[in-house]
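Asks: There's a structure below that I have some questions on.
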Amino acid sequence: THNLDLPTPAPSPPTWMLTEAQCKAVVEKKGLRGCRDLEYNWLGTDDQGRDVVARLIYGFRISVLFGLALTIVSSVIGIAAGGIQGYFGGWVDETLSRFTEIFQVMPSLLFAMVLMTLFDPSLGTAVLAIGMVTWTSTARLARAEFMRLRRLEYVSAARALGAGPLRLMLREILPNALPPL
């Protein structure tokens, strides 16, 4: 929103820096007692009279949402790929390792830009495009943890009790692999 009753022309300095003489016209117009009763602008206003703190909070919200969503997407892809590699091993590990290496050497920014041009450009598309090229380091760590944990006794005991591969990966190995990841 625009602050239409600024004591000084926009861009205006922070309200706490103004003197009573600078605030006098607006204070008399609104029937207030002094500068302290004006609408408070901690960092002042921009050239259109909008509060700078409100704009910072709005920008911060989008940046944090983007970073958090990107971390979640990248982690889910990386943990899933690395978990499958580490648990099954053998030809599955070799095949997915080559696939991971392809994504590691691919120019990630170029790949993300191609995906952005193929699909509707939006925040969600950007998160998916960048998340699809940043999962490889998480996959490597997850692969190593799953390979280490699949040989422990509690996994062998769960396997002996009849647990299938999906249950072993999700209920036995994954919770113990998450702290290092």
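Convention: chains lettered A, B, ... in structure tokens order; per-chain residue numbering from 1; ligands numbered from 1 as shown.
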Need to verify the contact set: segment 20-35 of chain A, 7 Å, only C-alpha atoms, exclusion of same-chain residues closer than 4 positions in sequence. Can you return it as an MDAnalysis selection string?

Replies: chainID A and resid 5 7:8

Asks: Excluding Val155 of chain A and any residue of its chain fewer than 4 positions from it, enumerate the residues within 8 Å of it, using only C-alpha atoms, and give them as a PDB file with N, CA and C atoms, in the first residue's frame.

Replies:
ATOM      1  N   LEU A 149      24.332 -49.143   5.791  1.00  0.00           N
ATOM      2  CA  LEU A 149      23.283 -49.578   6.713  1.00  0.00           C
ATOM      3  C   LEU A 149      22.640 -50.900   6.313  1.00  0.00           C
ATOM      4  N   ARG A 150      22.641 -51.245   5.042  1.00  0.00           N
ATOM      5  CA  ARG A 150      21.969 -52.488   4.626  1.00  0.00           C
ATOM      6  C   ARG A 150      22.672 -53.727   5.162  1.00  0.00           C
ATOM      7  N   ARG A 151      23.907 -53.612   5.585  1.00  0.00           N
ATOM      8  CA  ARG A 151      24.669 -54.761   6.093  1.00  0.00           C
ATOM      9  C   ARG A 151      24.613 -54.894   7.615  1.00  0.00           C
ATOM     10  N   ARG A 159      14.837 -58.483   7.690  1.00  0.00           N
ATOM     11  CA  ARG A 159      14.729 -59.302   6.484  1.00  0.00           C
ATOM     12  C   ARG A 159      14.356 -60.740   6.858  1.00  0.00           C
ATOM     13  N   LEU A 168      12.041 -52.428   4.192  1.00  0.00           N
ATOM     14  CA  LEU A 168      13.403 -52.293   4.717  1.00  0.00           C
ATOM     15  C   LEU A 168      13.979 -50.917   4.408  1.00  0.00           C
ATOM     16  N   GLU A 172      13.344 -49.152   7.969  1.00  0.00           N
ATOM     17  CA  GLU A 172      14.532 -49.557   8.724  1.00  0.00           C
ATOM     18  C   GLU A 172      15.761 -48.720   8.382  1.00  0.00           C
ATOM     19  N   ILE A 173      16.029 -48.546   7.083  1.00  0.00           N
ATOM     20  CA  ILE A 173      17.272 -47.889   6.684  1.00  0.00           C
ATOM     21  C   ILE A 173      17.125 -46.369   6.603  1.00  0.00           C
TER      22      ILE A 173
END

Asks: Considering only C-alpha atoms, return as a list in words whatever protein or nucleic-acid residues lie within 9 Å of Asp47 of chain A, sequence-local ones (same chain, fewer than 5 positions apart) excluded.

Replies: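 Skipping anything fewer than 5 positions along the chain leaves Pro9, Ala10, Pro11 and Ser12 of chain A.
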
Asks: So, with only C-alpha atoms as the atoms that count, which of A:Pro107, A:Ser137, A:Pro14, A:Ile79 lies closest to Val53 of chain A?

Replies: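 Checking each candidate against Val53 of chain A, we get A:Pro14 as the closest.
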
Asks: Extract, using only C-alpha atoms, all DNA, RNA and protein residues at most 12 Å from Ser97 of chain A, discarding same-chain residues fewer than 2 positions from it, and format them as a list in words.

Replies: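 Residues near the query, excluding close chain neighbours: Gly78, Ala81, Gly82, Gly83, Ile84, Gln85, Gly86, Gly89, Gly90, Trp91, Val92, Asp93, Glu94, Thr95, Phe99, Thr100, Glu101, Ile102, Phe103, Gln104, Thr136, Ser137, Ala139, Arg140, Arg143 and Ala144 of chain A.
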
Asks: Quick one: pick out all alpha helix (DSSP H) residues within chain A from a backbone DSSP run and write them as a count of residues only.

Replies: 113

Asks: Given the choices A:Phe88, A:Leu38, A:Val73, A:Phe66, which gets closest to Pro165 of chain A if the distance is worked out from only C-alpha atoms?

Replies: A:Phe88

Asks: Report, in Å to a single decimal, how far apart atom CA of Thr15 of chain A and atom CA of Asp37 of chain A are.

Replies: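 These atoms are spaced 10.1 Å apart.
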
Asks: Which of these residues is nearest to Leu70 of chain A, using only C-alpha atoms: A:Leu128, A:Ala112, A:Leu4, A:Leu56?

Replies: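 Among A:Leu128, A:Ala112, A:Leu4, A:Leu56, it is A:Leu128 that comes nearest to Leu70 of chain A.
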
Asks: By how many Å are atom CA of Ala80 of chain A and atom CA of Ala142 of chain A apart?

Replies: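 We find that atom CA of Ala80 of chain A and atom CA of Ala142 of chain A lie 8.2 Å from each other.
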
Asks: Measure the distance from atom CA of Gly131 of chain A to atom CA of Leu96 of chain A in Å and round it to one decimal.

Replies: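 Here the two named atoms are 17.4 Å from each other.
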